[in-house]
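Engineer: The following file, start_25.cif, comprises mmCIF, C-alpha atoms:
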```
data_structure
loop_
_atom_site.label_atom_id
_atom_site.label_comp_id
_atom_site.auth_asym_id
_atom_site.auth_seq_id
_atom_site.Cartn_x
_atom_site.Cartn_y
_atom_site.Cartn_z
CA MET D 187 -3.86 30.22 21.02
CA PRO D 188 -1.33 29.00 18.42
CA GLU D 189 -2.73 28.26 14.98
CA ASP D 190 -3.61 24.58 14.42
CA LYS D 191 -1.43 23.29 11.57
CA ARG D 192 -2.94 19.80 11.59
CA GLN D 193 -4.62 20.38 8.22
CA ASP D 194 -1.21 20.72 6.59
CA LYS D 195 0.13 17.28 7.49
CA ILE D 196 0.14 14.52 4.87
CA LEU D 197 1.06 10.86 5.34
CA LEU D 198 2.10 8.90 2.25
CA LEU D 199 2.00 5.10 2.41
CA GLY D 200 3.85 3.28 -0.35
CA GLY D 201 6.45 6.01 -0.66
CA GLY D 202 8.97 3.67 -2.29
CA GLY D 203 6.94 3.02 -5.44
CA GLN D 204 7.08 4.98 -8.69
CA LEU D 205 4.02 7.08 -7.82
CA GLY D 206 5.03 7.48 -4.19
CA ARG D 207 8.42 8.84 -5.12
CA GLU D 208 6.85 11.38 -7.47
CA ILE D 209 4.38 12.50 -4.79
CA GLU D 210 7.24 12.93 -2.33
CA ARG D 211 9.37 14.91 -4.79
CA LEU D 212 6.47 17.15 -5.84
CA ALA D 213 5.38 17.79 -2.24
CA LYS D 214 8.93 18.76 -1.34
CA ALA D 215 9.15 21.13 -4.31
CA ARG D 216 5.90 22.79 -3.19
CA GLY D 217 6.94 23.02 0.43
CA LEU D 218 4.22 20.68 1.69
CA PRO D 219 4.84 18.86 4.99
CA LEU D 220 4.64 15.25 3.88
CA THR D 221 5.80 12.17 5.75
CA SER D 222 6.61 9.30 3.39
CA VAL D 223 6.88 5.70 4.58
CA THR D 224 7.78 2.62 2.56
CA ARG D 225 6.34 -0.87 2.79
CA GLU D 226 9.46 -1.94 4.65
CA ALA D 227 8.72 0.67 7.33
CA VAL D 228 4.98 0.03 7.58
CA ASP D 229 3.33 -3.21 6.46
CA ILE D 230 -0.22 -2.17 5.58
CA THR D 231 -1.45 -5.75 6.03
CA HIS D 232 -0.90 -5.36 9.80
CA ARG D 233 -3.75 -3.39 11.37
CA LEU D 234 -1.81 -2.24 14.43
CA ALA D 235 1.18 -1.09 12.37
CA VAL D 236 -1.12 0.99 10.21
CA ARG D 237 -2.94 2.50 13.17
CA SER D 238 0.29 3.41 14.94
CA VAL D 239 1.49 5.58 12.04
CA VAL D 240 -1.86 7.06 10.95
CA ASP D 241 -2.71 8.18 14.48
CA ARG D 242 -0.11 10.95 14.54
CA GLY D 243 -2.17 14.01 13.70
CA PHE D 244 -2.31 13.77 9.90
CA SER D 245 -5.16 15.47 8.06
CA LEU D 246 -4.63 13.48 4.86
CA VAL D 247 -3.40 9.96 4.23
CA VAL D 248 -2.47 8.89 0.70
CA ASN D 249 -2.35 5.16 0.03
CA ALA D 250 -0.08 4.47 -2.92
CA ALA D 251 0.87 1.01 -1.62
CA ALA D 252 -0.34 -1.90 -3.72
CA TYR D 253 0.35 -5.40 -4.98
CA THR D 254 0.73 -4.77 -8.73
CA ALA D 255 2.22 -8.01 -10.10
CA VAL D 256 -0.73 -8.77 -12.36
CA ASP D 257 0.51 -12.08 -13.75
CA ARG D 258 2.14 -13.31 -10.56
CA ALA D 259 -1.17 -12.78 -8.76
CA GLU D 260 -2.69 -15.51 -10.95
CA MET D 261 0.04 -17.99 -10.02
CA GLU D 262 0.29 -17.33 -6.29
CA GLU D 263 -2.26 -17.84 -3.57
CA GLU D 264 -4.94 -15.19 -4.02
CA GLY D 265 -4.57 -14.28 -0.38
CA GLN D 266 -1.36 -12.34 -0.98
CA ALA D 267 -2.95 -9.88 -3.39
CA LEU D 268 -6.05 -9.63 -1.21
CA ALA D 269 -3.99 -8.92 1.90
CA VAL D 270 -2.30 -5.92 0.28
CA ASN D 271 -5.04 -4.64 -2.03
CA ARG D 272 -8.18 -5.41 0.03
CA ASP D 273 -7.28 -5.83 3.70
CA GLY D 274 -4.57 -3.16 3.83
CA PRO D 275 -6.77 -0.38 2.44
CA GLY D 276 -9.48 -1.43 4.88
CA PHE D 277 -7.08 -1.10 7.82
CA ILE D 278 -5.93 2.29 6.53
CA ALA D 279 -9.51 3.50 6.10
CA GLU D 280 -10.45 2.37 9.60
CA ALA D 281 -7.47 4.18 11.07
CA CYS D 282 -8.29 7.33 9.08
CA ARG D 283 -11.89 7.26 10.28
CA ASP D 284 -10.87 6.92 13.92
CA ALA D 285 -8.15 9.59 13.60
CA GLY D 286 -10.34 12.05 11.72
CA ALA D 287 -8.12 12.01 8.65
CA ALA D 288 -9.18 12.00 5.00
CA LEU D 289 -7.96 9.23 2.70
CA VAL D 290 -6.89 9.27 -0.95
CA HIS D 291 -6.67 5.69 -2.22
CA LEU D 292 -5.24 4.72 -5.63
CA SER D 293 -7.06 2.11 -7.69
CA THR D 294 -6.95 0.84 -11.25
CA ASP D 295 -8.67 0.47 -14.61
CA TYR D 296 -8.37 -3.29 -14.10
CA VAL D 297 -11.54 -3.25 -12.00
CA PHE D 298 -13.25 -3.28 -15.42
CA ASP D 299 -13.25 -6.10 -18.00
CA GLY D 300 -12.78 -3.76 -20.96
CA THR D 301 -15.82 -4.88 -22.95
CA LYS D 302 -18.04 -1.79 -22.57
CA GLY D 303 -17.11 -0.35 -25.97
CA ALA D 304 -16.89 3.19 -24.58
CA PRO D 305 -14.87 4.97 -21.88
CA TYR D 306 -15.75 3.86 -18.38
CA VAL D 307 -17.35 6.34 -16.02
CA GLU D 308 -17.21 6.13 -12.25
CA THR D 309 -20.72 4.70 -11.89
CA ASP D 310 -20.17 1.75 -14.23
CA PRO D 311 -20.32 -1.60 -12.41
CA VAL D 312 -16.95 -3.21 -11.77
CA THR D 313 -16.28 -6.46 -13.63
CA PRO D 314 -12.66 -7.49 -12.96
CA LEU D 315 -11.12 -10.26 -15.04
CA GLY D 316 -8.50 -11.66 -12.68
CA VAL D 317 -7.02 -11.81 -9.20
CA TYR D 318 -5.36 -8.39 -9.36
CA GLY D 319 -8.51 -6.63 -10.56
CA ARG D 320 -10.69 -8.46 -8.03
CA SER D 321 -8.35 -7.55 -5.20
CA LYS D 322 -8.33 -3.87 -6.18
CA ALA D 323 -12.12 -3.82 -6.54
CA ALA D 324 -12.41 -5.39 -3.10
CA GLY D 325 -10.06 -2.73 -1.74
CA GLU D 326 -12.38 -0.02 -3.01
CA VAL D 327 -15.24 -1.63 -1.13
CA SER D 328 -13.15 -1.83 2.03
CA VAL D 329 -12.36 1.88 1.83
CA ARG D 330 -15.97 2.90 1.20
CA GLN D 331 -17.25 0.80 4.07
CA ALA D 332 -14.74 2.03 6.64
CA CYS D 333 -14.21 5.74 5.94
CA ASP D 334 -16.72 8.27 4.61
CA ARG D 335 -14.05 10.93 4.03
CA HIS D 336 -12.31 9.22 1.14
CA VAL D 337 -11.39 9.84 -2.49
CA ILE D 338 -10.65 6.81 -4.66
CA LEU D 339 -8.64 7.62 -7.79
CA ARG D 340 -8.70 4.99 -10.53
CA THR D 341 -5.85 5.35 -12.97
CA SER D 342 -4.15 3.37 -15.74
CA TRP D 343 -0.87 2.54 -17.47
CA VAL D 344 1.28 4.60 -15.08
CA PHE D 345 4.83 5.37 -16.21
CA GLY D 346 7.71 7.54 -15.06
CA ALA D 347 11.44 7.84 -14.55
CA GLN D 348 11.17 5.99 -11.24
CA GLY D 349 10.46 2.31 -10.68
CA SER D 350 9.45 -0.31 -13.24
CA ASN D 351 7.02 0.51 -16.03
CA PHE D 352 6.30 0.01 -19.73
CA VAL D 353 8.42 2.95 -20.92
CA LYS D 354 11.56 1.77 -19.17
CA THR D 355 10.94 -1.83 -20.22
CA MET D 356 10.58 -0.82 -23.88
CA LEU D 357 13.77 1.24 -23.78
CA ARG D 358 15.70 -1.65 -22.23
CA LEU D 359 14.37 -4.25 -24.67
CA GLY D 360 14.91 -1.87 -27.57
CA ARG D 361 18.62 -1.80 -26.81
CA GLU D 362 18.79 -5.58 -26.45
CA ARG D 363 16.81 -6.62 -29.55
CA ARG D 364 16.44 -5.54 -33.15
CA GLU D 365 12.72 -6.36 -33.28
CA LEU D 366 9.98 -6.14 -30.67
CA SER D 367 6.48 -7.60 -30.87
CA VAL D 368 3.94 -5.45 -29.03
CA VAL D 369 0.24 -6.07 -28.45
CA ALA D 370 -1.85 -3.84 -30.71
CA ASP D 371 -5.43 -4.74 -29.72
CA GLN D 372 -5.51 -3.62 -26.07
CA PHE D 373 -6.57 -0.01 -25.54
CA GLY D 374 -6.05 2.27 -22.58
CA CYS D 375 -4.67 5.60 -21.41
CA PRO D 376 -1.02 6.06 -20.35
CA THR D 377 -0.55 8.23 -17.27
CA PRO D 378 2.66 10.05 -16.28
CA ALA D 379 3.37 9.37 -12.62
CA LEU D 380 4.23 13.03 -12.11
CA SER D 381 0.84 14.15 -13.43
CA LEU D 382 -0.89 11.61 -11.20
CA ALA D 383 1.11 12.85 -8.22
CA SER D 384 -0.05 16.39 -9.00
CA ALA D 385 -3.64 15.14 -9.16
CA VAL D 386 -3.30 13.53 -5.72
CA LEU D 387 -2.06 16.80 -4.25
CA ALA D 388 -4.89 18.65 -6.01
CA VAL D 389 -7.32 16.48 -4.07
CA GLY D 390 -5.50 17.28 -0.86
CA ALA D 391 -5.81 21.00 -1.57
CA ARG D 392 -9.61 20.76 -1.71
CA LEU D 393 -10.44 18.66 1.34
CA ALA D 394 -12.48 21.52 2.81
CA GLU D 395 -14.92 21.10 -0.10
CA ALA D 396 -15.70 17.50 0.95
CA PRO D 397 -15.06 16.02 -2.52
CA TRP D 398 -15.63 12.45 -1.34
CA GLY D 399 -16.20 9.64 -3.80
CA THR D 400 -14.61 7.76 -6.71
CA TYR D 401 -12.98 9.47 -9.68
CA HIS D 402 -11.04 8.52 -12.80
CA CYS D 403 -7.68 10.17 -13.43
CA CYS D 404 -5.41 9.15 -16.30
CA GLY D 405 -3.92 10.35 -19.58
CA SER D 406 -6.43 11.96 -21.92
CA GLU D 407 -5.57 10.16 -25.16
CA ARG D 408 -6.60 6.58 -25.77
CA THR D 409 -3.98 4.38 -27.41
CA THR D 410 -2.71 0.81 -27.68
CA TRP D 411 0.43 -0.73 -26.23
CA TYR D 412 1.82 -0.90 -29.77
CA ASP D 413 1.17 2.77 -30.51
CA PHE D 414 2.47 3.71 -27.09
CA ALA D 415 5.70 1.86 -27.92
CA ARG D 416 5.88 3.68 -31.27
CA ALA D 417 5.57 7.00 -29.44
CA ILE D 418 8.31 6.01 -26.98
CA PHE D 419 10.85 5.22 -29.67
CA ALA D 420 9.87 8.20 -31.83
CA GLU D 421 10.37 10.60 -28.93
CA GLN D 422 13.59 8.87 -27.93
CA LYS D 423 14.93 9.28 -31.47
CA ALA D 424 13.97 12.96 -31.51
CA LEU D 425 15.76 13.46 -28.20
CA THR D 426 18.93 11.43 -28.72
CA GLY D 427 19.09 10.39 -32.37
CA GLU D 428 18.94 6.77 -31.22
CA VAL D 429 17.21 4.51 -33.73
CA GLY D 430 14.82 2.13 -32.05
CA PRO D 431 13.98 -1.46 -32.95
CA LEU D 432 11.54 -2.62 -35.57
CA LEU D 433 8.11 -2.81 -33.91
CA LYS D 434 5.74 -5.57 -34.91
CA PRO D 435 2.04 -5.30 -33.95
CA ILE D 436 0.56 -8.54 -32.63
CA ALA D 437 -2.76 -9.71 -31.20
CA THR D 438 -3.34 -10.48 -27.54
CA GLU D 439 -3.76 -14.16 -28.41
CA ASP D 440 -0.22 -14.16 -29.80
CA TYR D 441 1.22 -12.95 -26.49
CA PRO D 442 -0.22 -15.29 -23.83
CA THR D 443 0.01 -14.16 -20.20
CA ALA D 444 -1.13 -15.70 -16.94
CA ALA D 445 -3.63 -12.90 -16.37
CA ARG D 446 -6.24 -11.77 -18.87
CA ARG D 447 -6.09 -8.07 -19.75
CA PRO D 448 -9.06 -5.79 -20.48
CA PRO D 449 -9.28 -5.21 -24.25
CA ASP D 450 -10.28 -1.56 -23.74
CA SER D 451 -10.07 -0.08 -20.24
CA THR D 452 -10.25 3.58 -21.31
CA LEU D 453 -11.38 5.77 -18.41
CA ASP D 454 -13.51 8.91 -18.68
CA CYS D 455 -11.85 11.58 -16.52
CA LEU D 456 -14.25 14.49 -17.05
CA GLY D 457 -15.71 14.11 -13.56
CA PHE D 458 -12.33 14.48 -11.90
CA GLN D 459 -11.33 17.40 -14.10
CA ALA D 460 -14.53 19.29 -13.32
CA ARG D 461 -14.60 18.56 -9.60
CA PHE D 462 -10.96 19.44 -8.95
CA HIS D 463 -10.51 22.10 -11.66
CA GLN D 464 -7.80 20.12 -13.43
CA SER D 465 -6.76 20.11 -17.07
CA ALA D 466 -6.62 16.93 -19.14
CA ILE D 467 -3.35 15.05 -18.72
CA ASP D 468 -1.13 15.17 -21.82
CA TRP D 469 0.72 11.86 -21.62
CA ARG D 470 2.79 12.63 -24.71
CA GLN D 471 4.31 15.68 -23.02
CA GLY D 472 4.75 13.59 -19.89
CA LEU D 473 6.58 10.99 -21.98
CA ARG D 474 8.96 13.62 -23.34
CA ASP D 475 9.67 14.82 -19.79
CA VAL D 476 10.37 11.28 -18.59
CA LEU D 477 12.72 10.51 -21.47
CA ARG D 478 14.58 13.75 -20.84
CA GLU D 479 14.97 12.86 -17.18
CA LEU D 480 16.17 9.36 -18.01
CA GLN D 481 18.83 10.92 -20.22
CA GLY D 482 20.06 12.89 -17.23
CA GLY D 483 18.57 16.16 -18.35
CA GLU D 484 16.91 18.76 -16.17
CA ARG D 485 13.61 17.57 -14.77
CA VAL D 486 10.75 19.50 -16.36
CA SER D 487 7.36 19.46 -14.66
CA SER D 488 4.36 19.42 -16.98
CA ALA D 489 2.06 18.59 -14.10
CA GLY D 490 1.10 22.11 -13.12
CA ARG D 491 0.24 23.17 -9.60
CA ALA D 492 -2.63 22.07 -7.41
#
```
For this file, write the structure as structure tokens.
Structural biologist:
Amino acid sequence: MPEDKRQDKILLLGGGGQLGREIERLAKARGLPLTSVTREAVDITHRLAVRSVVDRGFSLVVNAAAYTAVDRAEMEEEGQALAVNRDGPGFIAEACRDAGAALVHLSTDYVFDGTKGAPYVETDPVTPLGVYGRSKAAGEVSVRQACDRHVILRTSWVFGAQGSNFVKTMLRLGRERRELSVVADQFGCPTPALSLASAVLAVGARLAEAPWGTYHCCGSERTTWYDFARAIFAEQKALTGEVGPLLKPIATEDYPTAARRPPDSTLDCLGFQARFHQSAIDWRQGLRDVLRELQGGERVSSAGRA
């Protein structure tokens, strides 16, 4: 009988986002048979649309689709964020269960309120502050209830050469203004999208070990938005000679937003590193790689191989 290649097939939902595009590029570079679909092609808030694409013989489904407009979520009807971040993952998990596929679902540090005073571990109770965090926490519950064969990866402060993110915003504003005020009392861990993509594929490589559960996966060094901005402009100057703007540290209360942010959403990633035999993610090296790519240089992968 011909060999069954079903275990090799991967479906990526949310392929148009910054993480999705990195997963697609990395899978292609590694010769992995991955089918990537965007939100325009498959609306995950429609159960039948989800089922029709999942039920095509995939062994692994990766859900990188999400509603991520943190502030807009506070101003719109909560139902929009819930439809994408709670209901959609539930539909995907149901379809994976019925099709016999495993599911990797991306979640966020914003399921925590940031008041613990120490890095969050996977077993800490979720305490989201706003609509976005609540919707993502609800999505985790939907996945757990519908599909036993799942891995939930919580991550934080994702950045890359693709899509919209803090690094690209800082570079743009730095060219438009001579001085930038950046919040200096919110702590977290930046995560290169390429490194996160590599982590997702590392999970896929170990499905036979039944690694089901929730894990934290992000950059290894805790920092603030202000110090992250300082690193961005320092690395940009080293790369191009371009002098960045004057950076002014400010308090959260001096930069009001519609959504409250966790003051310290640092995640402990030791569980993920041990379970999947992964090294700590060096976000500073990832930052250098991203800046080089944005300058049109050769893309350098610091993500390793799964």
Engineer: Using all atoms listed in the file, find the one residue out of D:Ser451, D:Gln464, D:Ser350, D:Ser245 that sits nearest to D:Asp295.
Structural biologist: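 Smallest distance to D:Asp295 is found for D:Ser451.
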Engineer: Evaluate the PyMOL selection byres ((chain D and resi 356) around 10) against this structure - the residues, as a list in words, please.
Structural biologist: Asn351, Phe352, Val353, Lys354, Thr355, Leu357, Arg358, Leu359, Gly360, Arg361, Glu362, Leu366, Val368, Phe414, Ala415, Arg416, Ile418, Phe419, Gly430 and Pro431 of chain D
Engineer: Can you work out which one of D:Ser384, D:Thr426, D:Thr254, D:Thr438 has the shortest atom-to-atom distance to D:Ser367, counting all atoms listed in the file?
Structural biologist: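 Using all atoms listed in the file, D:Ser367 sits closest to D:Thr438.
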Engineer: Evaluate the PyMOL selection byres ((chain D and resi 466) around 8) against this structure - the residues, as an mmCIF file with C-alpha atoms, in the frame of the given file, please.
Structural biologist:
```
data_model
loop_
_atom_site.group_PDB
_atom_site.id
_atom_site.type_symbol
_atom_site.label_atom_id
_atom_site.label_comp_id
_atom_site.auth_asym_id
_atom_site.auth_seq_id
_atom_site.Cartn_x
_atom_site.Cartn_y
_atom_site.Cartn_z
ATOM 1 C CA GLY D 405 -3.920 10.350 -19.580
ATOM 2 C CA SER D 406 -6.430 11.960 -21.920
ATOM 3 C CA CYS D 455 -11.850 11.580 -16.520
ATOM 4 C CA GLN D 459 -11.330 17.400 -14.100
ATOM 5 C CA GLN D 464 -7.800 20.120 -13.430
ATOM 6 C CA SER D 465 -6.760 20.110 -17.070
ATOM 7 C CA ILE D 467 -3.350 15.050 -18.720
ATOM 8 C CA ASP D 468 -1.130 15.170 -21.820
#
```
Engineer: Can you work out which one of D:Cys404, D:Ala396, D:Ala287, D:Val327 has the shortest atom-to-atom distance to D:Ala379, counting all atoms listed in the file?
Structural biologist: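 Using all atoms listed in the file, the shortest distance to D:Ala379 belongs to D:Cys404.
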Engineer: Between atom CA of D:Phe345 and atom CA of D:Arg446, what distance in Å does the model show, to one decimal?
Structural biologist: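 For atom CA of D:Phe345 relative to atom CA of D:Arg446, the distance reads 20.6 Å.
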Engineer: Let me make sure I understand: among D:Ala332, D:Ala385, D:Leu477, D:Leu339, which one has the smallest atom-to-atom distance to D:Ala420 if we use all atoms listed in the file?
Structural biologist: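 Smallest distance to D:Ala420 is found for D:Leu477.
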Engineer: Can you give me, as number ranges by chain, the residues this file yields under the PyMOL selection byres ((chain D and resi 403) around 12)?
Structural biologist: D: 292-295, 306-308, 337-344, 375-379, 381-386, 388-389, 400-402, 404-407, 452-462, 464-469
Engineer: Which value, in Å to one decimal, gives the distance between atom CA of D:Leu433 and atom CA of D:Pro448?
Structural biologist: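 That distance, rounded to one decimal, is 22.0 Å.
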Engineer: So how far away is atom CA of D:Asp450 from atom CA of D:Gly325, in Å?
Structural biologist: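 Between atom CA of D:Gly325 and atom CA of D:Asp450 the gap works out to 22.0 Å.
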Engineer: Find the axis-aligned box for stretch 289-306 of chain D, covering all its listed atoms and adding 8 Å on each side, and write its centre and edge lengths in Å to one decimal as AutoDock Vina command-line options.
Structural biologist:
```
--center_x -11.6 --center_y 1.6 --center_z -11.6 --size_x 28.8 --size_y 31.4 --size_z 44.7
```
Engineer: Within 10 Å of D:Ala259, counting all atoms listed in the file, which residues qualify if same-chain residues fewer than 3 places away don't, as an MDAnalysis selection string?
Structural biologist: chainID D and resid 253:256 262:268 316:319 321 444:445
Engineer: Can you work out which one of D:Arg233, D:Lys214, D:Arg283, D:His291 has the shortest atom-to-atom distance to D:Ala250, counting all atoms listed in the file?
Structural biologist: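 Distance minimum relative to D:Ala250 lands on D:His291.
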Engineer: Pick the closest to D:Thr443 from D:Ala304, D:Met261, D:Arg364, D:Gln471: which is it, counting all atoms listed in the file?
Structural biologist: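 Once distances to D:Thr443 are computed over all atoms listed in the file, the minimum belongs to D:Met261.
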Engineer: Compile the contact shell of D:Arg320 as a VMD selection string: residues with an atom at most 10 Å away, counting all atoms listed in the file, same-chain residues fewer than 6 positions apart removed.
Structural biologist: chain D and resid 264 267 to 268 271 to 272 296 to 298 312 to 314 326
Engineer: Please provide the set of residues having any atom within 10 Å of D:Arg474, restricted to all atoms listed in the file, with same-chain residues fewer than 5 positions apart removed, written as a list in words.
Structural biologist: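 Neighbouring residues, sequence-local ones excluded: Ala417, Ile418, Glu421, Gln422, Ala424, Leu425, Trp469, Glu479, Leu480, Val486 and Ser488 of chain D.
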